[in-house]
>>> print(open('coords06.txt').read())   # compact mmCIF, C-alpha atoms
# COMPACT_ATOMS: atom_id res chain seq x y z
CA MET Y 1 2.74 30.01 -45.00
CA ASN Y 2 2.28 33.76 -44.26
CA ARG Y 3 1.95 35.30 -40.82
CA ARG Y 4 -1.88 35.63 -41.02
CA ILE Y 5 -2.32 31.95 -41.80
CA VAL Y 6 0.11 31.03 -39.03
CA LEU Y 7 -1.84 33.24 -36.58
CA ILE Y 8 -5.18 31.73 -37.61
CA TYR Y 9 -3.74 28.23 -37.31
CA TRP Y 10 -2.33 29.01 -33.84
CA ILE Y 11 -5.63 30.51 -32.59
CA ALA Y 12 -7.61 27.55 -33.90
CA SER Y 13 -5.23 25.12 -32.22
CA LEU Y 14 -5.53 27.02 -28.93
CA ILE Y 15 -9.34 26.95 -29.09
CA ILE Y 16 -9.32 23.21 -29.71
CA LEU Y 17 -6.95 22.70 -26.78
CA ILE Y 18 -9.14 24.79 -24.45
CA LEU Y 19 -12.26 22.94 -25.50
CA THR Y 20 -10.52 19.61 -25.06
CA VAL Y 21 -9.30 20.43 -21.55
CA GLY Y 22 -12.52 22.13 -20.49
CA CYS Y 23 -14.74 19.34 -21.73
CA GLY Y 24 -12.48 16.50 -20.66
CA GLY Y 25 -11.70 15.71 -24.28
CA ASP Y 26 -14.87 13.61 -24.43
CA LYS Y 27 -12.77 10.87 -22.87
CA LYS Y 28 -15.21 8.55 -21.19
CA ASN Y 29 -14.06 6.35 -18.35
CA PRO Y 30 -14.48 2.72 -19.45
CA PHE Y 31 -16.05 1.89 -16.08
CA SER Y 32 -18.41 4.92 -16.07
CA VAL Y 33 -16.86 6.22 -12.85
CA LYS Y 34 -14.93 9.30 -11.90
CA SER Y 35 -13.51 10.58 -8.65
CA GLU Y 36 -14.44 13.36 -6.31
CA VAL Y 37 -12.43 14.95 -3.52
CA VAL Y 38 -13.16 13.85 0.03
CA THR Y 39 -10.55 16.03 1.71
CA ALA Y 40 -7.19 17.65 1.16
CA ALA Y 41 -4.49 15.76 3.03
CA ASP Y 42 -0.72 15.70 3.61
CA ARG Y 43 0.67 12.50 2.03
CA PRO Y 44 -2.12 10.20 3.32
CA ILE Y 45 -0.14 7.02 2.71
CA THR Y 46 -2.38 4.63 4.65
CA LEU Y 47 -6.17 4.50 4.92
CA ALA Y 48 -8.31 2.40 7.26
CA PHE Y 49 -12.04 2.33 7.98
CA ALA Y 50 -13.68 1.89 11.35
CA PRO Y 51 -16.78 -0.33 11.30
CA ASP Y 52 -18.98 2.77 11.73
CA GLY Y 53 -17.66 4.33 8.50
CA ARG Y 54 -15.13 6.78 9.93
CA LEU Y 55 -12.03 6.99 7.76
CA PHE Y 56 -8.72 7.08 9.61
CA TYR Y 57 -5.60 8.00 7.67
CA GLY Y 58 -1.93 8.29 8.48
CA GLU Y 59 0.25 11.14 7.24
CA HIS Y 60 3.45 9.64 5.94
CA GLN Y 61 5.88 12.27 7.17
CA THR Y 62 4.18 14.21 9.97
CA GLY Y 63 3.28 11.16 12.05
CA ASN Y 64 -0.30 12.39 12.48
CA ILE Y 65 -3.30 10.09 12.29
CA ARG Y 66 -6.48 11.94 11.32
CA ILE Y 67 -10.17 11.12 11.03
CA VAL Y 68 -12.75 11.89 8.37
CA SER Y 69 -16.22 11.42 9.87
CA SER Y 70 -18.73 9.11 8.24
CA ASP Y 71 -20.46 12.17 6.74
CA GLY Y 72 -17.22 13.33 5.09
CA LYS Y 73 -15.97 15.99 7.50
CA LEU Y 74 -12.28 16.15 8.42
CA LEU Y 75 -11.96 16.50 12.19
CA THR Y 76 -9.81 19.43 13.25
CA GLU Y 77 -7.68 17.65 15.84
CA PRO Y 78 -5.61 14.56 14.98
CA PHE Y 79 -6.65 11.24 16.44
CA ALA Y 80 -3.06 10.64 17.54
CA HIS Y 81 0.55 11.43 16.72
CA VAL Y 82 3.70 9.31 16.60
CA ASP Y 83 7.23 10.64 16.42
CA THR Y 84 8.42 9.04 13.21
CA GLN Y 85 11.76 9.21 11.44
CA ILE Y 86 11.19 9.98 7.79
CA GLY Y 87 13.28 8.93 4.83
CA LEU Y 88 12.84 7.86 1.24
CA GLU Y 89 10.60 4.99 2.34
CA TRP Y 90 10.45 5.48 6.11
CA GLY Y 91 7.73 7.21 8.06
CA LEU Y 92 4.23 6.30 9.17
CA THR Y 93 3.08 3.64 6.69
CA GLY Y 94 0.53 1.36 8.36
CA LEU Y 95 -2.85 1.52 10.13
CA ALA Y 96 -5.12 -1.33 11.15
CA PHE Y 97 -8.30 -1.77 13.17
CA ASP Y 98 -8.66 -4.61 15.62
CA PRO Y 99 -11.23 -7.17 14.37
CA LYS Y 100 -13.02 -6.59 17.69
CA PHE Y 101 -12.83 -2.81 17.49
CA ASP Y 102 -16.48 -2.46 18.47
CA GLN Y 103 -15.56 -4.00 21.82
CA ASN Y 104 -11.99 -2.85 22.53
CA HIS Y 105 -11.53 0.22 20.27
CA TYR Y 106 -7.95 -0.75 19.41
CA VAL Y 107 -6.13 0.96 16.53
CA TYR Y 108 -2.65 -0.17 15.45
CA VAL Y 109 0.00 2.09 13.88
CA TYR Y 110 3.20 1.08 12.05
CA PHE Y 111 6.06 3.54 11.69
CA THR Y 112 9.84 4.01 11.81
CA GLN Y 113 11.19 5.30 15.10
CA LEU Y 114 14.52 7.10 15.32
CA VAL Y 115 17.35 5.11 16.93
CA ASN Y 116 20.51 7.03 16.07
CA PRO Y 117 20.27 10.56 14.62
CA GLY Y 118 23.84 10.62 13.29
CA PRO Y 119 24.66 12.55 10.12
CA PRO Y 120 22.05 12.35 7.32
CA THR Y 121 24.03 9.62 5.55
CA SER Y 122 24.05 7.26 8.54
CA VAL Y 123 20.85 7.82 10.50
CA THR Y 124 19.21 4.63 11.75
CA ALA Y 125 15.63 3.84 12.73
CA ARG Y 126 13.55 0.86 13.82
CA PRO Y 127 10.09 -0.25 12.63
CA VAL Y 128 7.60 -0.17 15.50
CA VAL Y 129 3.97 -1.21 15.94
CA THR Y 130 2.05 0.76 18.56
CA ARG Y 131 -1.55 0.32 19.66
CA PHE Y 132 -3.88 3.16 20.65
CA THR Y 133 -7.30 2.92 22.27
CA GLU Y 134 -9.92 5.14 20.61
CA ARG Y 135 -12.04 7.26 22.92
CA ASP Y 136 -14.25 9.97 21.45
CA ASN Y 137 -12.07 10.28 18.33
CA LYS Y 138 -8.85 10.46 20.34
CA GLY Y 139 -6.11 7.86 20.64
CA VAL Y 140 -5.15 7.19 24.26
CA ASP Y 141 -3.01 4.69 26.17
CA PRO Y 142 -0.32 4.15 23.50
CA THR Y 143 1.22 0.71 23.95
CA VAL Y 144 4.17 -0.67 21.99
CA ILE Y 145 3.19 -4.08 20.59
CA VAL Y 146 6.30 -4.78 18.52
CA GLY Y 147 9.35 -2.73 19.46
CA ASP Y 148 12.29 -5.11 19.12
CA LEU Y 149 12.76 -5.23 15.35
CA PRO Y 150 16.37 -4.60 14.20
CA GLU Y 151 17.54 -1.09 13.54
CA THR Y 152 18.19 -0.23 9.94
CA ASP Y 153 21.56 -0.45 8.21
CA PRO Y 154 23.40 2.90 8.52
CA LYS Y 155 24.76 2.40 5.00
CA HIS Y 156 21.20 2.46 3.60
CA PRO Y 157 19.36 5.28 5.41
CA GLY Y 158 15.76 5.84 4.43
CA TYR Y 159 15.33 2.60 2.50
CA ASN Y 160 12.77 -0.20 2.65
CA ALA Y 161 12.13 -1.11 6.26
CA ASN Y 162 8.52 -0.91 7.40
CA GLY Y 163 5.58 -1.67 5.13
CA ARG Y 164 1.97 -2.29 6.16
CA ILE Y 165 0.02 -4.06 8.89
CA GLY Y 166 -3.34 -5.79 8.82
CA PHE Y 167 -5.36 -8.63 10.25
CA GLY Y 168 -5.86 -11.98 8.61
CA SER Y 169 -9.09 -13.94 8.72
CA ASP Y 170 -7.54 -15.84 11.64
CA GLY Y 171 -7.58 -12.72 13.83
CA PHE Y 172 -3.79 -12.41 14.03
CA LEU Y 173 -1.78 -9.32 13.12
CA TYR Y 174 0.40 -9.53 9.98
CA ILE Y 175 3.39 -7.21 9.51
CA THR Y 176 5.34 -6.71 6.29
CA ILE Y 177 8.96 -5.68 6.64
CA GLY Y 178 11.50 -4.99 3.90
CA ASP Y 179 15.06 -6.29 3.64
CA TYR Y 180 16.57 -2.90 4.63
CA ASP Y 181 18.07 -2.85 1.12
CA VAL Y 182 20.82 -5.33 2.05
CA GLY Y 183 19.50 -8.58 0.50
CA ASN Y 184 19.08 -10.80 3.57
CA SER Y 185 15.55 -12.08 3.00
CA SER Y 186 16.40 -15.80 3.02
CA ASP Y 187 17.92 -15.72 6.51
CA LEU Y 188 15.31 -17.09 8.92
CA ALA Y 189 17.23 -15.80 11.93
CA ILE Y 190 16.18 -12.21 11.20
CA PRO Y 191 12.80 -10.58 10.45
CA GLN Y 192 13.98 -8.46 7.50
CA GLY Y 193 12.42 -9.31 4.15
CA LYS Y 194 9.62 -11.25 5.81
CA ILE Y 195 5.93 -11.23 6.64
CA LEU Y 196 5.44 -11.67 10.37
CA ARG Y 197 2.37 -13.07 12.14
CA VAL Y 198 1.94 -12.10 15.79
CA ASN Y 199 -0.54 -11.99 18.62
CA LYS Y 200 -2.24 -8.62 18.68
CA LEU Y 201 -1.96 -8.07 22.43
CA ASP Y 202 1.77 -8.47 22.95
CA GLY Y 203 3.40 -9.04 19.56
CA SER Y 204 4.49 -12.57 20.44
CA ALA Y 205 4.78 -15.34 17.86
CA VAL Y 206 1.62 -17.27 17.04
CA PRO Y 207 2.15 -20.83 18.38
CA ASP Y 208 1.54 -22.54 15.02
CA ASN Y 209 3.77 -20.24 12.97
CA PRO Y 210 5.82 -22.33 10.53
CA PHE Y 211 9.23 -21.83 12.10
CA VAL Y 212 8.32 -22.01 15.78
CA GLY Y 213 10.79 -24.36 17.46
CA GLN Y 214 13.27 -24.27 14.59
CA PRO Y 215 16.75 -23.45 15.97
CA ASN Y 216 17.92 -19.89 15.27
CA ALA Y 217 14.72 -18.94 13.43
CA ASP Y 218 12.61 -15.92 14.36
CA PRO Y 219 9.34 -17.61 15.43
CA ARG Y 220 7.25 -14.65 14.24
CA ILE Y 221 8.05 -15.32 10.57
CA PHE Y 222 5.08 -16.46 8.50
CA ALA Y 223 6.62 -16.19 5.00
CA TYR Y 224 9.99 -15.05 3.68
CA GLY Y 225 12.07 -14.17 0.63
CA PHE Y 226 10.78 -10.64 -0.05
CA ARG Y 227 12.56 -7.44 -0.93
CA GLU Y 228 9.90 -4.90 0.00
CA PRO Y 229 6.58 -6.56 0.76
CA PHE Y 230 4.18 -3.68 1.09
CA ASP Y 231 0.42 -3.78 1.12
CA PHE Y 232 -1.73 -6.90 1.26
CA ALA Y 233 -5.41 -7.79 1.41
CA VAL Y 234 -7.53 -10.78 2.39
CA HIS Y 235 -9.63 -12.34 -0.38
CA PRO Y 236 -13.30 -12.14 0.67
CA GLN Y 237 -14.08 -15.70 -0.46
CA ASN Y 238 -11.02 -17.93 -0.16
CA ARG Y 239 -9.65 -15.91 2.83
CA LYS Y 240 -6.10 -16.10 1.49
CA ILE Y 241 -3.71 -13.17 1.79
CA TYR Y 242 -2.69 -11.48 -1.46
CA GLY Y 243 0.45 -9.37 -1.12
CA THR Y 244 2.82 -7.43 -3.34
CA ASP Y 245 6.60 -7.29 -3.41
CA ASN Y 246 8.27 -4.15 -4.75
CA THR Y 247 11.39 -5.48 -6.46
CA PRO Y 248 14.29 -3.19 -7.49
CA VAL Y 249 13.94 -2.77 -11.25
CA SER Y 250 11.68 -5.45 -12.76
CA CYS Y 251 9.40 -8.44 -12.06
CA GLU Y 252 7.33 -6.64 -9.40
CA GLU Y 253 4.87 -9.25 -8.24
CA LEU Y 254 1.54 -10.14 -6.74
CA ASN Y 255 1.70 -13.20 -4.49
CA ILE Y 256 -0.67 -15.48 -2.67
CA ILE Y 257 1.00 -15.68 0.74
CA ASP Y 258 1.38 -19.27 1.94
CA ARG Y 259 2.34 -20.31 5.44
CA GLY Y 260 6.10 -20.94 5.47
CA GLY Y 261 6.42 -19.94 1.82
CA ASN Y 262 9.71 -18.86 0.26
CA TYR Y 263 9.23 -16.10 -2.35
CA GLY Y 264 12.79 -16.15 -3.57
CA PHE Y 265 14.41 -12.75 -3.18
CA PRO Y 266 17.35 -12.21 -3.54
CA ASN Y 267 17.91 -15.57 -5.30
CA VAL Y 268 15.96 -14.59 -8.43
CA GLY Y 269 18.70 -14.65 -11.04
CA PRO Y 270 21.31 -12.16 -12.16
CA PHE Y 271 20.63 -8.43 -11.99
CA PRO Y 272 18.60 -6.82 -13.58
CA TYR Y 273 16.25 -9.81 -13.05
CA ALA Y 274 15.19 -10.28 -16.67
CA ASP Y 275 13.53 -13.67 -16.06
CA CYS Y 276 10.48 -13.39 -13.81
CA GLN Y 277 10.18 -17.20 -13.60
CA PHE Y 278 13.79 -17.83 -12.51
CA GLY Y 279 14.36 -20.02 -9.44
CA GLU Y 280 12.56 -22.70 -7.46
CA HIS Y 281 10.66 -20.43 -5.08
CA ILE Y 282 6.92 -19.68 -5.06
CA LYS Y 283 6.19 -17.56 -8.12
CA GLY Y 284 3.96 -14.53 -8.30
CA ILE Y 285 0.53 -15.01 -9.86
CA HIS Y 286 0.91 -11.67 -11.65
CA PHE Y 287 3.73 -9.27 -12.50
CA PHE Y 288 3.26 -5.52 -12.75
CA SER Y 289 4.81 -3.25 -15.36
CA LYS Y 290 4.47 0.24 -16.74
CA LYS Y 291 2.52 0.81 -19.91
CA GLY Y 292 4.55 -0.20 -22.94
CA THR Y 293 6.95 -2.41 -20.98
CA ARG Y 294 7.13 -6.06 -20.05
CA PRO Y 295 7.52 -7.08 -16.36
CA GLU Y 296 11.03 -8.39 -17.09
CA ASP Y 297 12.17 -5.14 -18.73
CA PHE Y 298 14.67 -2.96 -16.88
CA LEU Y 299 12.87 -0.25 -14.80
CA SER Y 300 9.43 -1.66 -15.63
CA ASN Y 301 8.31 -1.81 -11.99
CA THR Y 302 5.47 0.38 -10.74
CA TYR Y 303 5.97 0.30 -6.93
CA VAL Y 304 2.54 -0.87 -5.82
CA SER Y 305 1.63 0.99 -2.63
CA GLY Y 306 -1.94 -0.11 -1.91
CA VAL Y 307 -4.31 -2.99 -2.61
CA ALA Y 308 -7.91 -3.73 -1.68
CA PHE Y 309 -10.64 -6.14 -2.72
CA VAL Y 310 -13.96 -4.79 -3.96
CA ASP Y 311 -17.00 -7.06 -4.32
CA GLY Y 312 -18.61 -5.28 -7.27
CA ALA Y 313 -22.02 -4.78 -5.69
CA LYS Y 314 -21.73 -0.98 -5.71
CA TYR Y 315 -19.70 -0.82 -8.95
CA PRO Y 316 -21.06 -3.50 -11.30
CA SER Y 317 -18.97 -2.08 -14.14
CA ILE Y 318 -15.82 -2.84 -12.12
CA GLY Y 319 -17.08 -6.10 -10.68
CA ALA Y 320 -15.41 -8.26 -8.07
CA ALA Y 321 -11.71 -7.43 -8.31
CA LEU Y 322 -8.46 -6.56 -6.61
CA LEU Y 323 -7.73 -2.83 -6.79
CA VAL Y 324 -4.08 -1.80 -7.02
CA CYS Y 325 -2.59 1.67 -6.44
CA GLU Y 326 0.79 2.42 -8.03
CA SER Y 327 3.25 4.99 -6.71
CA GLU Y 328 6.02 5.02 -9.34
CA MET Y 329 6.80 8.57 -10.50
CA ASP Y 330 5.82 7.75 -14.09
CA THR Y 331 2.50 6.12 -13.27
CA HIS Y 332 -0.13 6.84 -10.61
CA ASP Y 333 -2.68 4.35 -11.84
CA LEU Y 334 -5.47 2.74 -9.90
CA ARG Y 335 -5.72 -0.66 -11.57
CA ARG Y 336 -8.38 -3.36 -11.55
CA LEU Y 337 -7.20 -6.96 -11.49
CA THR Y 338 -9.94 -9.47 -12.24
CA LEU Y 339 -9.14 -12.87 -10.76
CA SER Y 340 -10.21 -16.34 -11.86
CA ASP Y 341 -12.78 -18.29 -9.84
CA THR Y 342 -9.93 -20.11 -8.10
CA GLY Y 343 -8.18 -16.84 -7.34
CA THR Y 344 -4.91 -18.15 -8.74
CA GLN Y 345 -4.87 -16.30 -12.06
CA VAL Y 346 -5.29 -12.70 -13.18
CA LEU Y 347 -7.70 -12.60 -16.12
CA ALA Y 348 -7.70 -8.84 -16.73
CA ASP Y 349 -5.55 -5.87 -15.76
CA ASP Y 350 -7.17 -2.49 -16.49
CA ILE Y 351 -6.67 1.14 -15.49
CA VAL Y 352 -9.62 2.69 -13.64
CA ILE Y 353 -8.24 6.11 -12.63
CA ASP Y 354 -4.79 7.69 -13.11
CA ASP Y 355 -4.17 9.73 -9.93
CA CYS Y 356 -3.68 7.17 -7.15
CA ASN Y 357 -0.21 6.81 -5.64
CA MET Y 358 -0.68 6.29 -1.90
CA ASP Y 359 -3.40 3.83 -0.89
CA VAL Y 360 -6.77 2.37 -1.82
CA LYS Y 361 -9.41 1.00 0.55
CA VAL Y 362 -13.12 0.13 0.43
CA SER Y 363 -15.49 1.59 3.02
CA PRO Y 364 -18.01 -0.51 4.97
CA ASP Y 365 -20.74 0.52 2.51
CA GLY Y 366 -18.62 -0.56 -0.48
CA THR Y 367 -17.36 2.83 -1.67
CA ILE Y 368 -13.86 2.91 -3.15
CA PHE Y 369 -11.57 5.49 -1.55
CA TYR Y 370 -8.04 6.21 -2.65
CA SER Y 371 -5.31 8.74 -1.99
CA ASN Y 372 -2.54 10.66 -3.66
CA GLU Y 373 0.03 13.00 -2.13
CA LYS Y 374 -2.43 15.87 -1.62
CA GLU Y 375 -5.94 14.40 -1.44
CA ILE Y 376 -8.19 11.59 -0.46
CA ARG Y 377 -10.78 10.87 -3.16
CA ARG Y 378 -13.61 8.43 -3.79
CA LEU Y 379 -15.06 6.87 -6.89
CA VAL Y 380 -18.61 7.71 -7.93
CA PHE Y 381 -20.61 7.08 -11.07
CA GLU Y 382 -20.14 9.86 -13.60
CA ALA Y 383 -23.81 10.84 -13.45
CA THR Y 384 -23.57 11.55 -9.70
CA SER Y 385 -20.09 13.11 -9.49
CA LYS Y 386 -19.79 16.48 -7.76
CA ASP Y 387 -16.20 17.20 -8.82
>>> encode(input="coords06.txt", output="structure tokens")
Amino acid sequence: MNRRIVLIYWIASLIILILTVGCGGDKKNPFSVKSEVVTAADRPITLAFAPDGRLFYGEHQTGNIRIVSSDGKLLTEPFAHVDTQIGLEWGLTGLAFDPKFDQNHYVYVYFTQLVNPGPPTSVTARPVVTRFTERDNKGVDPTVIVGDLPETDPKHPGYNANGRIGFGSDGFLYITIGDYDVGNSSDLAIPQGKILRVNKLDGSAVPDNPFVGQPNADPRIFAYGFREPFDFAVHPQNRKIYGTDNTPVSCEELNIIDRGGNYGFPNVGPFPYADCQFGEHIKGIHFFSKKGTRPEDFLSNTYVSGVAFVDGAKYPSIGAALLVCESEMDTHDLRRLTLSDTGTQVLADDIVIDDCNMDVKVSPDGTIFYSNEKEIRRLVFEATSKD
């Protein structure tokens, strides 16, 4: 092949590439949706909607909570700020609105608070839940609701401690907390590796929690046996809580959270956990994995960071489903899980969009919002997209 032919071939290839990129490669989204930017943001790891449509979001590392108005404008001043200790998985990670927000204007924030600065290899922190009262887009009267959780292990700085917070259909506050990377999730005397259920006013144990009155058990525990339980959502029909557990290298799972349930970790077989059905604990109803891998394959996990139910009214092509945002470095997919009528099986697992790695939530009017490290975006039908 002479130089002229090579040059012509190279130019033709470049033109094809430009046309493909510029025209989107004629790749049509299977759900006829695409995303548009709502606002630029600094690691907006947690999203939450006020009943009036305002979007509150927490910045993972700065400790700022900001507001996007219901008409899409980012307010200049933060709603509030918390002094958070950052790490690989520490920082501000949870926001929740009180079910009676219209009456009391309570907003809850979950973050890691510095305990011992120490050298970088031994810093310790403590997960904390603080409540603010919203007044004219400002958070006032900060009150610590849960401030007595154990400090992290100095041998594992920055690892899985805090997760997310949210309210169940029973009106109580649920808190997910990791095992601090030390494998103690089966010990009922400590809150690590558990989902807690507390009263929203003072963080005390709910009287009918499953281990209330059991000697040496933390009465706030609702379910146990998790490594890194992160986000969760309440099913709009059966009112059950669906939560994820980010396991170390494989068998990352979606669980229906039962009162008093044992979800097995760390007693799930020999490392690297190649059998997702090992053990006598409650099994996940679905296991996540990267494209081209099986859930039991080594390093197949996707690190789910956000989940939310959508009813399908606004997006009939998506339908009623559980939306899942993945934060693994190799995949930033926003997935759609279609559940069976009983809610106990996953019938379909599809990719909707490929740039979600922080959180996903549904606004009061049914619009799907999601976030990545630099932006908050929303899904619109392709015919109406502005971006």
>>> closest_atom_pairs(input="coords06.txt", of="stretch 298-349 of chain Y", to="stretch 253-265 of chain Y", cutoff="12 Å", atoms="only C-alpha atoms", output="CSV")
residue,atom,partner,partner_atom,distance
Y:Ser300,CA,Y:Glu253,CA,11.5
Y:Asn301,CA,Y:Glu253,CA,9.0
Y:Thr302,CA,Y:Glu253,CA,10.0
Y:Tyr303,CA,Y:Glu253,CA,9.7
Y:Val304,CA,Y:Glu253,CA,9.0
Y:Ser305,CA,Y:Leu254,CA,11.9
Y:Gly306,CA,Y:Leu254,CA,11.7
Y:Val307,CA,Y:Leu254,CA,10.1
Y:Leu322,CA,Y:Leu254,CA,10.6
Y:Leu323,CA,Y:Leu254,CA,11.8
Y:Val324,CA,Y:Leu254,CA,10.1
Y:Leu337,CA,Y:Leu254,CA,10.4
Y:Leu339,CA,Y:Leu254,CA,11.7
Y:Thr342,CA,Y:Ile256,CA,11.7
Y:Gly343,CA,Y:Ile256,CA,8.9
Y:Thr344,CA,Y:Ile256,CA,7.9
Y:Gln345,CA,Y:Ile256,CA,10.3
Y:Val346,CA,Y:Leu254,CA,9.7
>>> write_last_selection(input="coords06.txt", atoms="C-alpha atoms", output="PDB file, keeping the file's coordinate frame")
ATOM      1  CA  SER Y 300       9.430  -1.660 -15.630  1.00  0.00           C
ATOM      2  CA  ASN Y 301       8.310  -1.810 -11.990  1.00  0.00           C
ATOM      3  CA  THR Y 302       5.470   0.380 -10.740  1.00  0.00           C
ATOM      4  CA  TYR Y 303       5.970   0.300  -6.930  1.00  0.00           C
ATOM      5  CA  VAL Y 304       2.540  -0.870  -5.820  1.00  0.00           C
ATOM      6  CA  SER Y 305       1.630   0.990  -2.630  1.00  0.00           C
ATOM      7  CA  GLY Y 306      -1.940  -0.110  -1.910  1.00  0.00           C
ATOM      8  CA  VAL Y 307      -4.310  -2.990  -2.610  1.00  0.00           C
ATOM      9  CA  LEU Y 322      -8.460  -6.560  -6.610  1.00  0.00           C
ATOM     10  CA  LEU Y 323      -7.730  -2.830  -6.790  1.00  0.00           C
ATOM     11  CA  VAL Y 324      -4.080  -1.800  -7.020  1.00  0.00           C
ATOM     12  CA  LEU Y 337      -7.200  -6.960 -11.490  1.00  0.00           C
ATOM     13  CA  LEU Y 339      -9.140 -12.870 -10.760  1.00  0.00           C
ATOM     14  CA  THR Y 342      -9.930 -20.110  -8.100  1.00  0.00           C
ATOM     15  CA  GLY Y 343      -8.180 -16.840  -7.340  1.00  0.00           C
ATOM     16  CA  THR Y 344      -4.910 -18.150  -8.740  1.00  0.00           C
ATOM     17  CA  GLN Y 345      -4.870 -16.300 -12.060  1.00  0.00           C
ATOM     18  CA  VAL Y 346      -5.290 -12.700 -13.180  1.00  0.00           C
TER      19      VAL Y 346
END
>>> residues_around(input="coords06.txt", residues="Y:Gln214", least_positions_apart="4", cutoff="10 Å", atoms="all atoms listed in the file", output="number ranges by chain")
Y: 188-189, 210, 218-219
>>> closest_residue(input="coords06.txt", among="Y:Arg131, Y:Arg377, Y:His235, Y:Arg220", to="Y:Asp341", atoms="all atoms listed in the file")
Y:His235
>>> closest_residue(input="coords06.txt", among="Y:Asp349, Y:Asp355, Y:Asp170, Y:Glu151", to="Y:Leu334", atoms="all atoms listed in the file")
Y:Asp355
>>> residues_around(input="coords06.txt", residues="Y:Thr76", least_positions_apart="4", cutoff="10 Å", atoms="all atoms listed in the file", output="PyMOL selection string")
chain Y and resi 66-68
>>> atom_distance(input="coords06.txt", atom1="atom CA of Y:Gly94", atom2="atom CA of Y:Asp231")
8.9 Å
>>> residues_around(input="coords06.txt", residues="Y:Asp52", least_positions_apart="2", cutoff="12 Å", atoms="all atoms listed in the file", output="CSV table (one decimal) with C-alpha atoms, keeping the file's coordinate frame")
chain,number,residue,atom,x,y,z
Y,48,ALA,CA,-8.3,2.4,7.3
Y,49,PHE,CA,-12.0,2.3,8.0
Y,50,ALA,CA,-13.7,1.9,11.4
Y,54,ARG,CA,-15.1,6.8,9.9
Y,55,LEU,CA,-12.0,7.0,7.8
Y,56,PHE,CA,-8.7,7.1,9.6
Y,68,VAL,CA,-12.8,11.9,8.4
Y,69,SER,CA,-16.2,11.4,9.9
Y,70,SER,CA,-18.7,9.1,8.2
Y,71,ASP,CA,-20.5,12.2,6.7
Y,97,PHE,CA,-8.3,-1.8,13.2
Y,101,PHE,CA,-12.8,-2.8,17.5
Y,102,ASP,CA,-16.5,-2.5,18.5
Y,105,HIS,CA,-11.5,0.2,20.3
Y,363,SER,CA,-15.5,1.6,3.0
Y,364,PRO,CA,-18.0,-0.5,5.0
Y,365,ASP,CA,-20.7,0.5,2.5
>>> residues_around(input="coords06.txt", residues="stretch 314-321 of chain Y", least_positions_apart="6", cutoff="9 Å", atoms="all atoms listed in the file", output="list in words")
Pro30, Phe31, Ser32, Val33, Ala308, Arg336, Leu337, Thr338, Leu339, Val352, Asp365, Gly366, Thr367, Val380 and Phe381 of chain Y
>>> residues_around(input="coords06.txt", residues="Y:Ala217", least_positions_apart="4", cutoff="10 Å", atoms="all atoms listed in the file", output="list of chain:residue names")
Y:Asp187, Y:Leu188, Y:Ala189, Y:Ile190, Y:Pro191, Y:Pro210, Y:Phe211, Y:Val212, Y:Gly213, Y:Ile221
>>> closest_residue(input="coords06.txt", among="Y:Ile285, Y:Cys276, Y:Val107, Y:Ala40", to="Y:Val249", atoms="all atoms listed in the file")
Y:Cys276
>>> closest_residue(input="coords06.txt", among="Y:Ile195, Y:Gly147, Y:Leu299, Y:Asn238", to="Y:Ser340", atoms="all atoms listed in the file")
Y:Asn238
>>> atom_distance(input="coords06.txt", atom1="atom CA of Y:Glu228", atom2="atom CA of Y:Thr46")
16.2 Å
>>> atom_distance(input="coords06.txt", atom1="atom CA of Y:Gly269", atom2="atom CA of Y:Glu326")
24.9 Å
>>> closest_residue(input="coords06.txt", among="Y:Pro266, Y:Gly171, Y:Cys356, Y:Phe111", to="Y:Glu373", atoms="only C-alpha atoms")
Y:Cys356
>>> closest_residue(input="coords06.txt", among="Y:Lys138, Y:Arg43, Y:Arg197, Y:Arg378", to="Y:Glu77", atoms="all atoms listed in the file")
Y:Lys138
>>> build_atoms(input="coords06.txt", residues="stretch 199-206 of chain Y", atoms="N, CA and C atoms", output="compact mmCIF listing (two decimals), in the coordinates of the input")
# COMPACT_ATOMS: atom_id res chain seq x y z
N ASN Y 199 0.62 -12.23 17.78
CA ASN Y 199 -0.54 -11.99 18.62
C ASN Y 199 -0.72 -10.49 18.78
N LYS Y 200 -1.97 -10.05 18.70
CA LYS Y 200 -2.24 -8.62 18.68
C LYS Y 200 -2.04 -7.94 20.03
N LEU Y 201 -2.05 -8.69 21.11
CA LEU Y 201 -1.96 -8.07 22.43
C LEU Y 201 -0.53 -7.77 22.85
N ASP Y 202 0.40 -8.66 22.47
CA ASP Y 202 1.77 -8.47 22.95
C ASP Y 202 2.84 -8.65 21.87
N GLY Y 203 2.43 -8.90 20.63
CA GLY Y 203 3.40 -9.04 19.56
C GLY Y 203 4.18 -10.34 19.56
N SER Y 204 3.78 -11.29 20.38
CA SER Y 204 4.49 -12.57 20.44
C SER Y 204 4.16 -13.44 19.24
N ALA Y 205 4.99 -14.43 18.98
CA ALA Y 205 4.78 -15.34 17.86
C ALA Y 205 3.52 -16.18 18.06
N VAL Y 206 2.79 -16.38 16.98
CA VAL Y 206 1.62 -17.27 17.04
C VAL Y 206 2.15 -18.70 17.18
